[in-house]
$ cat start_15.txt   # compact mmCIF, C-alpha atoms
# COMPACT_ATOMS: atom_id res chain seq x y z
CA MET B 1036 -3.53 -24.68 -26.75
CA ASN B 1037 -4.13 -25.45 -23.16
CA LYS B 1038 -7.38 -26.55 -21.62
CA VAL B 1039 -10.27 -24.16 -22.07
CA LYS B 1040 -13.07 -24.97 -19.68
CA LYS B 1041 -16.63 -23.84 -19.40
CA THR B 1042 -17.11 -21.31 -16.62
CA LYS B 1043 -20.06 -22.23 -14.43
CA TYR B 1044 -22.17 -19.54 -12.87
CA LYS B 1045 -21.88 -19.07 -9.17
CA PRO B 1046 -22.94 -16.05 -7.17
CA ALA B 1047 -19.94 -13.81 -6.60
CA PRO B 1048 -19.86 -10.30 -5.19
CA VAL B 1049 -18.99 -8.00 -8.07
CA ARG B 1050 -16.76 -5.66 -6.15
CA GLU B 1051 -14.65 -8.45 -4.63
CA THR B 1052 -14.38 -10.20 -7.98
CA LEU B 1053 -13.20 -7.02 -9.65
CA ILE B 1054 -10.68 -6.34 -6.89
CA GLN B 1055 -9.44 -9.90 -7.13
CA MET B 1056 -8.96 -9.45 -10.88
CA LYS B 1057 -7.12 -6.19 -10.28
CA ASP B 1058 -4.80 -7.83 -7.73
CA ILE B 1059 -4.11 -10.78 -9.98
CA SER B 1060 -3.42 -8.62 -13.03
CA GLU B 1061 -0.95 -6.51 -11.05
CA LEU B 1062 0.79 -9.60 -9.72
CA MET B 1063 0.98 -10.86 -13.31
CA ILE B 1064 2.73 -7.70 -14.44
CA ASP B 1065 5.32 -8.02 -11.68
CA LEU B 1066 5.86 -11.71 -12.38
CA ALA B 1067 6.05 -11.18 -16.13
CA TYR B 1068 8.76 -8.52 -15.97
CA SER B 1069 10.76 -10.65 -13.54
CA ALA B 1070 10.34 -13.67 -15.78
CA ALA B 1071 11.68 -11.69 -18.74
CA LEU B 1072 14.55 -10.04 -16.92
CA PHE B 1073 15.79 -13.24 -15.31
CA HIS B 1074 14.70 -15.43 -18.20
CA ASN B 1075 12.81 -17.60 -15.76
CA LYS B 1076 10.39 -20.03 -17.40
CA MET B 1077 8.78 -21.10 -14.16
CA LEU B 1078 7.71 -17.55 -13.43
CA ALA B 1079 6.47 -17.21 -17.00
CA GLU B 1080 4.35 -20.31 -16.59
CA GLU B 1081 2.84 -18.95 -13.39
CA VAL B 1082 1.81 -15.88 -15.39
CA MET B 1083 0.10 -18.10 -17.95
CA GLU B 1084 -1.73 -19.97 -15.17
CA LEU B 1085 -2.96 -16.70 -13.72
CA GLU B 1086 -4.06 -15.58 -17.16
CA THR B 1087 -6.49 -18.53 -17.42
CA LYS B 1088 -7.72 -17.65 -13.95
CA ILE B 1089 -8.48 -14.07 -15.04
CA ASP B 1090 -10.28 -15.38 -18.14
CA ASP B 1091 -12.53 -17.37 -15.81
CA LEU B 1092 -13.11 -14.47 -13.48
CA VAL B 1093 -14.12 -12.13 -16.30
CA TYR B 1094 -16.87 -14.56 -17.32
CA LEU B 1095 -17.99 -14.92 -13.75
CA LEU B 1096 -18.01 -11.15 -13.30
CA ASN B 1097 -20.11 -10.62 -16.42
CA MET B 1098 -22.61 -13.33 -15.45
CA ASN B 1099 -23.10 -11.70 -12.07
CA LEU B 1100 -23.41 -8.26 -13.63
CA MET B 1101 -26.11 -9.48 -16.00
CA LEU B 1102 -28.14 -10.85 -13.15
CA ALA B 1103 -27.67 -7.67 -11.14
CA ALA B 1104 -29.26 -5.43 -13.78
CA ARG B 1105 -32.92 -4.79 -13.05
CA ASP B 1106 -33.67 -1.62 -14.95
CA LYS B 1107 -32.28 0.88 -17.46
CA ARG B 1108 -30.37 2.76 -14.86
CA ASP B 1109 -28.67 -0.42 -13.59
CA ALA B 1110 -27.76 -1.27 -17.16
CA GLU B 1111 -26.16 2.14 -17.71
CA GLN B 1112 -24.07 1.85 -14.59
CA LEU B 1113 -23.16 -1.80 -14.85
CA ALA B 1114 -21.96 -1.41 -18.44
CA GLY B 1115 -19.11 0.67 -17.03
CA VAL B 1116 -18.25 -2.04 -14.53
CA ALA B 1117 -18.21 -4.66 -17.28
CA LYS B 1118 -15.93 -2.40 -19.27
CA VAL B 1119 -13.50 -2.15 -16.38
CA GLY B 1120 -13.55 -5.94 -16.05
CA SER B 1121 -12.60 -6.38 -19.66
CA LEU B 1122 -9.86 -3.73 -19.32
CA THR B 1123 -8.40 -5.57 -16.35
CA ASN B 1124 -8.39 -8.61 -18.59
CA ALA B 1125 -6.57 -6.56 -21.26
CA ILE B 1126 -3.89 -5.69 -18.71
CA SER B 1127 -3.44 -9.35 -17.86
CA ASP B 1128 -3.18 -10.18 -21.57
CA ALA B 1129 -0.38 -7.64 -21.86
CA ALA B 1130 1.47 -9.28 -18.98
CA ALA B 1131 1.02 -12.68 -20.61
CA ASP B 1132 2.61 -11.31 -23.78
CA ILE B 1133 5.79 -10.53 -21.87
CA ALA B 1134 5.77 -13.99 -20.34
CA SER B 1135 5.36 -15.55 -23.77
CA LEU B 1136 8.66 -13.94 -24.83
CA VAL B 1137 10.34 -16.09 -22.20
CA LEU B 1138 8.48 -19.22 -23.25
CA HIS B 1139 9.63 -18.56 -26.83
CA ASP B 1140 13.16 -18.40 -25.50
CA ILE B 1141 13.69 -14.76 -26.42
CA LYS B 1142 16.15 -13.29 -23.96
CA VAL B 1143 16.44 -9.63 -23.08
CA HIS B 1144 19.70 -7.84 -23.75
CA PRO B 1145 22.12 -8.21 -20.82
CA VAL B 1146 22.38 -4.43 -20.33
CA VAL B 1147 18.59 -4.22 -19.99
CA ARG B 1148 18.72 -6.71 -17.15
CA GLU B 1149 21.57 -4.85 -15.48
CA VAL B 1150 19.83 -1.47 -15.53
CA PHE B 1151 16.57 -2.97 -14.27
CA GLN B 1152 18.37 -4.68 -11.42
CA ARG B 1153 19.62 -1.32 -10.28
CA ALA B 1154 16.15 0.23 -10.46
CA GLU B 1155 13.82 -2.49 -9.31
CA GLU B 1156 13.09 -4.74 -6.43
CA HIS B 1157 13.44 -8.43 -7.09
CA LEU B 1158 10.87 -11.15 -7.26
CA THR B 1159 11.29 -14.83 -6.72
CA ARG B 1160 9.30 -18.03 -6.50
CA VAL B 1161 10.01 -20.88 -4.12
CA VAL B 1162 8.27 -24.01 -2.89
CA ILE B 1163 7.86 -24.50 0.88
CA ASP B 1164 9.69 -27.67 1.88
CA GLU B 1165 8.01 -30.00 4.37
CA ASN B 1166 10.95 -29.53 6.75
CA SER B 1167 10.94 -25.74 6.50
CA PHE B 1168 10.28 -23.98 9.78
CA MET B 1169 7.99 -21.66 7.78
CA ALA B 1170 5.47 -24.47 7.21
CA GLY B 1171 2.58 -24.18 9.64
CA LYS B 1172 3.10 -20.47 10.22
CA THR B 1173 1.06 -17.61 8.80
CA VAL B 1174 2.69 -15.02 6.60
CA ASP B 1175 1.96 -12.41 9.26
CA ASP B 1176 3.67 -14.48 11.98
CA LEU B 1177 6.89 -14.62 10.01
CA GLU B 1178 7.22 -10.82 9.93
CA LEU B 1179 9.37 -11.20 6.85
CA ALA B 1180 9.51 -7.55 5.90
CA ALA B 1181 10.90 -6.60 9.31
CA GLU B 1182 13.16 -9.66 9.64
CA VAL B 1183 14.82 -9.89 6.25
CA GLY B 1184 13.52 -7.15 3.95
CA ALA B 1185 11.41 -9.40 1.76
CA ASP B 1186 7.74 -10.23 1.75
CA ILE B 1187 5.46 -12.93 0.40
CA ILE B 1188 3.08 -11.27 -2.04
CA ALA B 1189 1.21 -14.33 -3.28
CA LEU B 1190 0.91 -18.03 -2.74
CA ARG B 1191 -0.38 -20.84 -4.87
CA ARG B 1192 -1.68 -24.13 -3.51
CA GLY B 1193 -2.49 -26.40 -6.42
CA MET B 1194 -4.88 -24.33 -8.50
CA PHE B 1195 -5.78 -22.00 -5.67
CA TRP B 1196 -4.14 -18.57 -5.58
CA ASP B 1197 -4.05 -16.26 -2.61
CA ILE B 1198 -2.88 -12.74 -3.38
CA ASN B 1199 -1.44 -10.80 -0.44
CA PRO B 1200 -1.86 -13.69 1.99
CA ASP B 1201 -1.64 -12.54 5.61
CA LYS B 1202 -3.54 -14.96 7.78
CA GLU B 1203 -3.03 -17.99 5.55
CA LEU B 1204 -1.04 -20.88 7.05
CA LEU B 1205 1.89 -21.85 4.87
CA MET B 1206 1.82 -25.52 3.97
CA PRO B 1207 4.47 -27.83 2.54
CA GLY B 1208 4.21 -27.75 -1.25
CA ASP B 1209 2.87 -24.19 -1.35
CA VAL B 1210 4.43 -22.10 -4.10
CA VAL B 1211 5.15 -18.65 -2.72
CA VAL B 1212 6.02 -15.53 -4.67
CA ALA B 1213 8.13 -13.05 -2.73
CA ARG B 1214 9.36 -9.54 -3.38
CA GLY B 1215 12.25 -7.75 -1.76
CA THR B 1216 15.96 -7.07 -1.74
CA LYS B 1217 18.33 -9.61 -3.23
CA ASP B 1218 19.75 -10.60 0.19
CA GLY B 1219 16.31 -10.74 1.77
CA LEU B 1220 15.04 -13.06 -0.93
CA ASN B 1221 18.12 -15.28 -0.59
CA SER B 1222 17.52 -15.88 3.09
CA LEU B 1223 13.82 -16.43 2.49
CA VAL B 1224 14.56 -19.04 -0.19
CA LYS B 1225 17.02 -20.85 2.07
CA ALA B 1226 14.50 -20.97 4.90
CA ALA B 1227 11.71 -22.15 2.57
CA ARG B 1228 13.90 -24.95 1.23
CA ALA B 1229 14.77 -25.96 4.81
CA GLU B 1230 18.46 -25.33 4.16
CA VAL B 1231 18.46 -23.27 7.33
CA ASP B 1232 16.05 -23.39 10.27
CA HIS B 1233 15.64 -19.66 10.82
CA LEU B 1234 15.69 -16.38 8.93
CA GLU B 1235 19.18 -14.97 8.85
CA MET Z 210 30.46 -4.67 -26.47
CA SER Z 211 31.72 -1.24 -27.49
CA SER Z 212 30.94 1.54 -25.09
CA PRO Z 213 28.67 3.56 -27.44
CA ASP Z 214 26.62 0.39 -27.89
CA ARG Z 215 26.46 -0.10 -24.15
CA ALA Z 216 25.43 3.52 -23.62
CA HIS Z 217 22.71 3.06 -26.23
CA TRP Z 218 21.27 0.05 -24.39
CA GLU Z 219 21.50 1.78 -21.04
CA ARG Z 220 19.62 4.74 -22.41
CA ILE Z 221 16.81 2.69 -23.93
CA THR Z 222 16.46 0.65 -20.76
CA GLU Z 223 16.13 3.82 -18.71
CA ASP Z 224 13.38 4.88 -21.13
CA LEU Z 225 11.71 1.51 -20.65
CA VAL Z 226 11.86 1.85 -16.86
CA THR Z 227 10.15 5.24 -17.20
CA LEU Z 228 7.47 3.75 -19.44
CA LYS Z 229 6.91 0.90 -17.02
CA ASP Z 230 6.72 3.17 -13.96
CA THR Z 231 4.36 5.56 -15.73
CA SER Z 232 2.03 2.78 -16.89
CA GLU Z 233 1.87 1.25 -13.41
CA MET Z 234 1.23 4.60 -11.81
CA MET Z 235 -1.59 5.12 -14.31
CA ILE Z 236 -3.24 1.86 -13.29
CA ASP Z 237 -3.04 2.79 -9.61
CA LEU Z 238 -4.52 6.20 -10.29
CA ALA Z 239 -7.20 4.88 -12.65
CA TYR Z 240 -8.52 2.33 -10.15
CA SER Z 241 -8.40 4.94 -7.40
CA ALA Z 242 -10.33 7.33 -9.63
CA LEU Z 243 -12.91 4.62 -10.22
CA LEU Z 244 -13.33 3.49 -6.65
CA LEU Z 245 -13.37 7.03 -5.27
CA ASN Z 246 -15.40 8.32 -8.21
CA SER Z 247 -12.93 11.16 -8.67
CA SER Z 248 -13.04 12.88 -12.05
CA PHE Z 249 -10.02 15.05 -11.38
CA LEU Z 250 -7.92 11.95 -10.70
CA ALA Z 251 -9.29 10.48 -13.92
CA GLU Z 252 -8.20 13.64 -15.71
CA GLU Z 253 -4.67 13.21 -14.37
CA VAL Z 254 -4.66 9.74 -15.90
CA MET Z 255 -5.74 11.15 -19.27
CA MET Z 256 -2.92 13.70 -19.13
CA LEU Z 257 -0.46 10.95 -18.31
CA GLU Z 258 -1.74 9.00 -21.28
CA GLU Z 259 -0.74 11.82 -23.61
CA GLN Z 260 2.70 11.94 -22.05
CA MET Z 261 2.94 8.18 -22.33
CA ASP Z 262 2.24 8.24 -26.07
CA GLU Z 263 5.10 10.66 -26.63
CA LEU Z 264 7.47 8.71 -24.42
CA HIS Z 265 6.62 5.52 -26.22
CA ILE Z 266 7.27 6.93 -29.67
CA ALA Z 267 10.59 8.41 -28.53
CA PHE Z 268 11.47 5.05 -27.03
CA GLN Z 269 10.65 3.11 -30.18
CA LYS Z 270 12.66 5.51 -32.31
CA ARG Z 271 15.61 5.15 -30.03
CA VAL Z 272 15.42 1.37 -30.02
CA LEU Z 273 15.31 1.25 -33.79
CA SER Z 274 18.05 3.84 -34.30
CA ARG Z 275 21.51 2.81 -35.40
CA THR Z 276 23.76 0.94 -32.99
CA GLU Z 277 27.51 0.47 -33.25
CA GLU Z 278 27.45 -3.28 -33.48
CA GLU Z 279 25.26 -5.60 -35.39
CA THR Z 280 22.19 -6.13 -33.24
CA LYS Z 281 20.40 -9.44 -32.93
CA PRO Z 282 16.70 -9.29 -33.89
CA GLU Z 283 15.84 -11.09 -30.63
CA ASP Z 284 17.31 -8.23 -28.62
CA LEU Z 285 15.15 -5.71 -30.41
CA LEU Z 286 12.06 -7.90 -30.34
CA GLY Z 287 12.21 -8.36 -26.59
CA ILE Z 288 12.57 -4.71 -25.72
CA ILE Z 289 10.06 -3.48 -28.30
CA ARG Z 290 7.50 -5.91 -27.00
CA MET Z 291 8.07 -4.82 -23.41
CA GLY Z 292 7.58 -1.22 -24.53
CA ASN Z 293 4.36 -2.14 -26.32
CA VAL Z 294 3.06 -3.82 -23.20
CA THR Z 295 3.56 -0.68 -21.12
CA GLU Z 296 1.66 1.23 -23.78
CA ARG Z 297 -1.22 -1.27 -23.74
CA ILE Z 298 -1.39 -1.11 -19.97
CA ALA Z 299 -1.45 2.68 -20.12
CA ASP Z 300 -4.24 2.54 -22.70
CA ALA Z 301 -6.28 0.26 -20.44
CA ALA Z 302 -5.73 2.64 -17.53
CA ALA Z 303 -6.87 5.58 -19.66
CA GLU Z 304 -10.02 3.69 -20.65
CA ILE Z 305 -10.78 2.97 -17.00
CA ALA Z 306 -10.40 6.70 -16.37
CA GLU Z 307 -12.78 7.31 -19.27
CA VAL Z 308 -15.43 5.18 -17.57
CA VAL Z 309 -15.18 7.59 -14.63
CA LEU Z 310 -15.33 10.66 -16.88
CA ARG Z 311 -18.49 9.43 -18.60
CA GLY Z 312 -20.13 10.60 -15.44
CA GLU Z 313 -22.19 7.59 -14.48
CA GLU Z 314 -22.23 7.28 -10.74
CA PRO Z 315 -20.48 4.05 -9.81
CA HIS Z 316 -23.08 1.41 -9.27
CA ARG Z 317 -23.82 0.32 -5.74
CA VAL Z 318 -22.07 -2.99 -6.39
CA LEU Z 319 -18.84 -1.08 -6.79
CA GLN Z 320 -19.11 1.18 -3.84
CA MET Z 321 -16.31 0.48 -1.50
CA VAL Z 322 -16.60 0.24 2.23
CA ILE Z 323 -14.12 3.08 2.51
CA GLN Z 324 -16.32 5.22 0.33
CA ASP Z 325 -19.05 4.96 2.94
CA ALA Z 326 -16.54 6.37 5.38
CA GLU Z 327 -16.23 9.33 3.05
CA GLU Z 328 -12.84 8.79 1.61
CA THR Z 329 -11.75 11.60 -0.66
CA VAL Z 330 -8.97 12.62 -2.99
CA GLU Z 331 -7.30 15.97 -2.44
CA ARG Z 332 -4.51 17.92 -4.03
CA ALA Z 333 -2.35 20.69 -2.65
CA VAL Z 334 0.70 22.64 -3.78
CA VAL Z 335 3.84 22.55 -1.65
CA GLY Z 336 4.37 26.13 -0.40
CA GLU Z 337 7.67 27.99 -0.01
CA ASN Z 338 7.19 28.04 3.75
CA SER Z 339 5.79 24.57 4.11
CA LEU Z 340 7.45 22.39 6.74
CA ILE Z 341 7.72 19.58 4.22
CA ALA Z 342 9.46 21.58 1.47
CA GLY Z 343 12.92 20.11 0.93
CA LYS Z 344 12.12 16.97 2.90
CA THR Z 345 11.89 13.42 1.59
CA LEU Z 346 8.50 11.76 1.70
CA GLN Z 347 9.73 9.53 4.50
CA ASP Z 348 10.71 12.53 6.63
CA ALA Z 349 7.63 14.53 5.68
CA GLU Z 350 5.40 11.97 7.48
CA ILE Z 351 2.31 13.15 5.64
CA ALA Z 352 0.33 10.00 6.44
CA ASP Z 353 1.19 10.16 10.14
CA GLU Z 354 0.28 13.82 10.37
CA THR Z 355 -2.89 13.89 8.28
CA GLY Z 356 -4.08 10.35 7.58
CA MET Z 357 -3.84 11.04 3.84
CA TRP Z 358 -1.82 8.74 1.58
CA VAL Z 359 0.17 10.25 -1.28
CA LEU Z 360 -0.93 8.77 -4.60
CA VAL Z 361 1.22 10.80 -6.96
CA ILE Z 362 3.33 13.93 -7.11
CA ARG Z 363 3.23 16.23 -10.12
CA ARG Z 364 6.20 18.50 -10.80
CA GLY Z 365 5.51 20.64 -13.86
CA SER Z 366 4.79 18.13 -16.61
CA LEU Z 367 6.42 15.29 -14.71
CA TRP Z 368 4.43 12.78 -12.68
CA ILE Z 369 6.37 11.11 -9.92
CA ARG Z 370 5.44 7.87 -8.26
CA PRO Z 371 5.92 8.36 -4.52
CA LYS Z 372 8.88 6.57 -2.95
CA PRO Z 373 10.24 7.08 0.58
CA THR Z 374 13.30 8.81 -0.89
CA THR Z 375 11.34 11.21 -3.13
CA ARG Z 376 12.18 14.78 -2.15
CA LEU Z 377 9.46 17.43 -2.14
CA PHE Z 378 9.97 20.91 -3.56
CA PRO Z 379 7.93 24.11 -3.47
CA GLY Z 380 5.52 24.07 -6.40
CA ASP Z 381 5.08 20.28 -6.38
CA VAL Z 382 1.43 19.23 -6.58
CA ILE Z 383 0.72 16.43 -4.14
CA ILE Z 384 -2.33 14.28 -4.73
CA ALA Z 385 -3.43 12.13 -1.83
CA SER Z 386 -6.40 10.08 -0.69
CA GLY Z 387 -7.77 9.44 2.76
CA TYR Z 388 -10.64 10.16 5.08
CA SER Z 389 -12.20 13.55 4.59
CA GLU Z 390 -11.44 14.65 8.14
CA GLY Z 391 -7.73 14.72 7.24
CA GLU Z 392 -8.37 17.07 4.33
CA GLU Z 393 -7.75 20.38 6.13
CA ASP Z 394 -4.65 19.11 7.94
CA PHE Z 395 -3.31 17.89 4.63
CA LYS Z 396 -3.83 21.20 2.87
CA GLN Z 397 -2.26 23.14 5.71
CA LEU Z 398 0.75 20.87 6.04
CA VAL Z 399 1.47 20.86 2.32
CA SER Z 400 0.82 24.52 1.57
CA GLY Z 401 2.32 25.80 4.83
CA GLU Z 402 -0.55 28.25 5.16
CA LYS Z 403 -2.91 28.45 8.07
$ encode --input "start_15.txt" --output "structure tokens"
Amino acid sequence: MNKVKKTKYKPAPVRETLIQMKDISELMIDLAYSAALFHNKMLAEEVMELETKIDDLVYLLNMNLMLAARDKRDAEQLAGVAKVGSLTNAISDAAADIASLVLHDIKVHPVVREVFQRAEEHLTRVVIDENSFMAGKTVDDLELAAEVGADIIALRRGMFWDINPDKELLMPGDVVVARGTKDGLNSLVKAARAEVDHLE
Amino acid sequence: MSSPDRAHWERITEDLVTLKDTSEMMIDLAYSALLLNSSFLAEEVMMLEEQMDELHIAFQKRVLSRTEEETKPEDLLGIIRMGNVTERIADAAAEIAEVVLRGEEPHRVLQMVIQDAEETVERAVVGENSLIAGKTLQDAEIADETGMWVLVIRRGSLWIRPKPTTRLFPGDVIIASGYSEGEEDFKQLVSGEK
């Protein structure tokens, strides 16, 4: 079992919290399938990290919902919102179940991987090296989608996750998750590791 | 690996890709239904859920059916679990749609900024004489022309997740969201009727 911590109340806007949970759960699904198809334990562990984050957020959401209810009508409406929060959590649990296959060392059949590779875009995870030219730039500035056909869909800095980062400055040590074509991801990885000083 | 065995695995993977695509489309549609408070979108999700159940059972049967070679339990475990996950995701999406269908107005805390700007969901059938009939989504430029974004395309009992290369045919039902001022343009473009 990994660390289970008490979630402390803090005021959080319900709509933003719910949207954040939705974004995270969808990222988890993408990461989990990639982890399984490429038997990548690092990706699987990222999924597990995000799962604990969702668990936190669902508590926070519910606390804020409880305080928002003032009368019967509020209660009727907010019960639906709470339900959606717990369903988003259920989606993230499902993603975590795929990731746990990888952590239990269960590999998918090679043909499964092959067919998926034909059908799907790829996902990868890379750490920004301190000598990478990408460090100090925002995701928007890099114009990755136009330049190489890949895009950064999330970044993690320590325990802090940013989903769909646009204006965020990339820093050395940031873990970025990128989606795109195989070639696009290759050039992005090389640039992030400072093996090359531009996007090729 | 013998070729019948390979064909078997290819077939079940294609089924899995369909399950995965369907479940993800359902989530998209379910959240859209919620945030736009659209019961007809929620109903589409419920219909997809029925289709999903059938697909999933067919998939499981196929996975567990005889293969030419001796199959490792790990191989089956992995793919069955991935199938189950798509099913659980689809169930969650259907339950989100159910929240919408219960008919409670979404609480003010949920109301999106775009909803204030009167965002709506619309559907229209591609007409025989429509300019977009026979075109791919990319060439149809629906968003450029009308400001409405295609959420899903229904062709008979098949729901199609929009991709740039998806081709549109007469009879296709296109469901799109956007600002309400684009509604009329959208209907005209898709149906081809003035």
$ interface_residues --input "start_15.txt" --of "chain B" --to "chain Z" --cutoff "10 Å" --atoms "all atoms listed in the file" --output "NGL selection string"
:B and (1048-1051 or 1053-1054 or 1057 or 1061 or 1064 or 1067-1068 or 1071 or 1100 or 1103 or 1108-1116 or 1118-1134 or 1136-1137 or 1140-1151 or 1154-1155)
$ residues_around --input "start_15.txt" --residues "Leu273 in chain Z" --least-positions-apart "4" --cutoff "10 Å" --atoms "only C-alpha atoms" --output "list in words"
Phe268, Gln269, Leu285 and Ile289 of chain Z
$ atom_distance --input "start_15.txt" --atom1 "CA of Arg1105 in chain B" --atom2 "CA of Asp1090 in chain B"
25.5 Å
$ atom_distance --input "start_15.txt" --atom1 "CA of Gly1219 in chain B" --atom2 "CA of Leu1177 in chain B"
13.1 Å
$ atom_distance --input "start_15.txt" --atom1 "CA of Leu1204 in chain B" --atom2 "CA of Ala1185 in chain B"
17.7 Å
$ residues_near_point --input "start_15.txt" --point "(8.7, 24.3, 1.4)" --cutoff "12 Å" --atoms "only C-alpha atoms" --output "count of residues only"
26
$ build_atoms --input "start_15.txt" --residues "range 1169-1188 of chain B" --atoms "N, CA and C atoms" --output "tab-separated table (two decimals), in the coordinates of the input"
chain	number	residue	atom	x	y	z
B	1169	MET	N	9.06	-22.56	8.18
B	1169	MET	CA	7.99	-21.66	7.78
B	1169	MET	C	6.66	-22.39	7.65
B	1170	ALA	N	6.70	-23.68	7.37
B	1170	ALA	CA	5.47	-24.47	7.21
B	1170	ALA	C	4.70	-24.46	8.53
B	1171	GLY	N	3.41	-24.20	8.44
B	1171	GLY	CA	2.58	-24.18	9.64
B	1171	GLY	C	2.47	-22.80	10.25
B	1172	LYS	N	3.22	-21.84	9.70
B	1172	LYS	CA	3.10	-20.47	10.22
B	1172	LYS	C	2.31	-19.61	9.24
B	1173	THR	N	1.71	-18.53	9.73
B	1173	THR	CA	1.06	-17.61	8.80
B	1173	THR	C	2.10	-16.63	8.30
B	1174	VAL	N	1.77	-16.00	7.18
B	1174	VAL	CA	2.69	-15.02	6.60
B	1174	VAL	C	2.92	-13.87	7.59
B	1175	ASP	N	1.85	-13.47	8.26
B	1175	ASP	CA	1.96	-12.41	9.26
B	1175	ASP	C	2.94	-12.77	10.39
B	1176	ASP	N	2.81	-14.03	10.88
B	1176	ASP	CA	3.67	-14.48	11.98
B	1176	ASP	C	5.15	-14.36	11.65
B	1177	LEU	N	5.48	-14.59	10.39
B	1177	LEU	CA	6.89	-14.62	10.01
B	1177	LEU	C	7.53	-13.24	10.04
B	1178	GLU	N	6.72	-12.20	9.93
B	1178	GLU	CA	7.22	-10.82	9.93
B	1178	GLU	C	8.42	-10.66	9.00
B	1179	LEU	N	8.25	-11.14	7.80
B	1179	LEU	CA	9.37	-11.20	6.85
B	1179	LEU	C	9.94	-9.83	6.52
B	1180	ALA	N	9.04	-8.87	6.32
B	1180	ALA	CA	9.51	-7.55	5.90
B	1180	ALA	C	10.45	-6.98	6.96
B	1181	ALA	N	10.07	-7.14	8.23
B	1181	ALA	CA	10.90	-6.60	9.31
B	1181	ALA	C	12.16	-7.44	9.51
B	1182	GLU	N	12.03	-8.77	9.35
B	1182	GLU	CA	13.16	-9.66	9.64
B	1182	GLU	C	14.24	-9.63	8.56
B	1183	VAL	N	13.82	-9.73	7.30
B	1183	VAL	CA	14.82	-9.89	6.25
B	1183	VAL	C	14.67	-8.92	5.08
B	1184	GLY	N	13.67	-8.08	5.07
B	1184	GLY	CA	13.52	-7.15	3.95
B	1184	GLY	C	12.98	-7.81	2.70
B	1185	ALA	N	12.10	-8.79	2.90
B	1185	ALA	CA	11.41	-9.40	1.76
B	1185	ALA	C	10.02	-9.76	2.23
B	1186	ASP	N	9.09	-9.90	1.32
B	1186	ASP	CA	7.74	-10.23	1.75
B	1186	ASP	C	7.07	-11.16	0.75
B	1187	ILE	N	6.21	-12.02	1.27
B	1187	ILE	CA	5.46	-12.93	0.40
B	1187	ILE	C	4.26	-12.17	-0.15
B	1188	ILE	N	4.17	-12.05	-1.47
B	1188	ILE	CA	3.08	-11.27	-2.04
B	1188	ILE	C	1.98	-12.16	-2.61
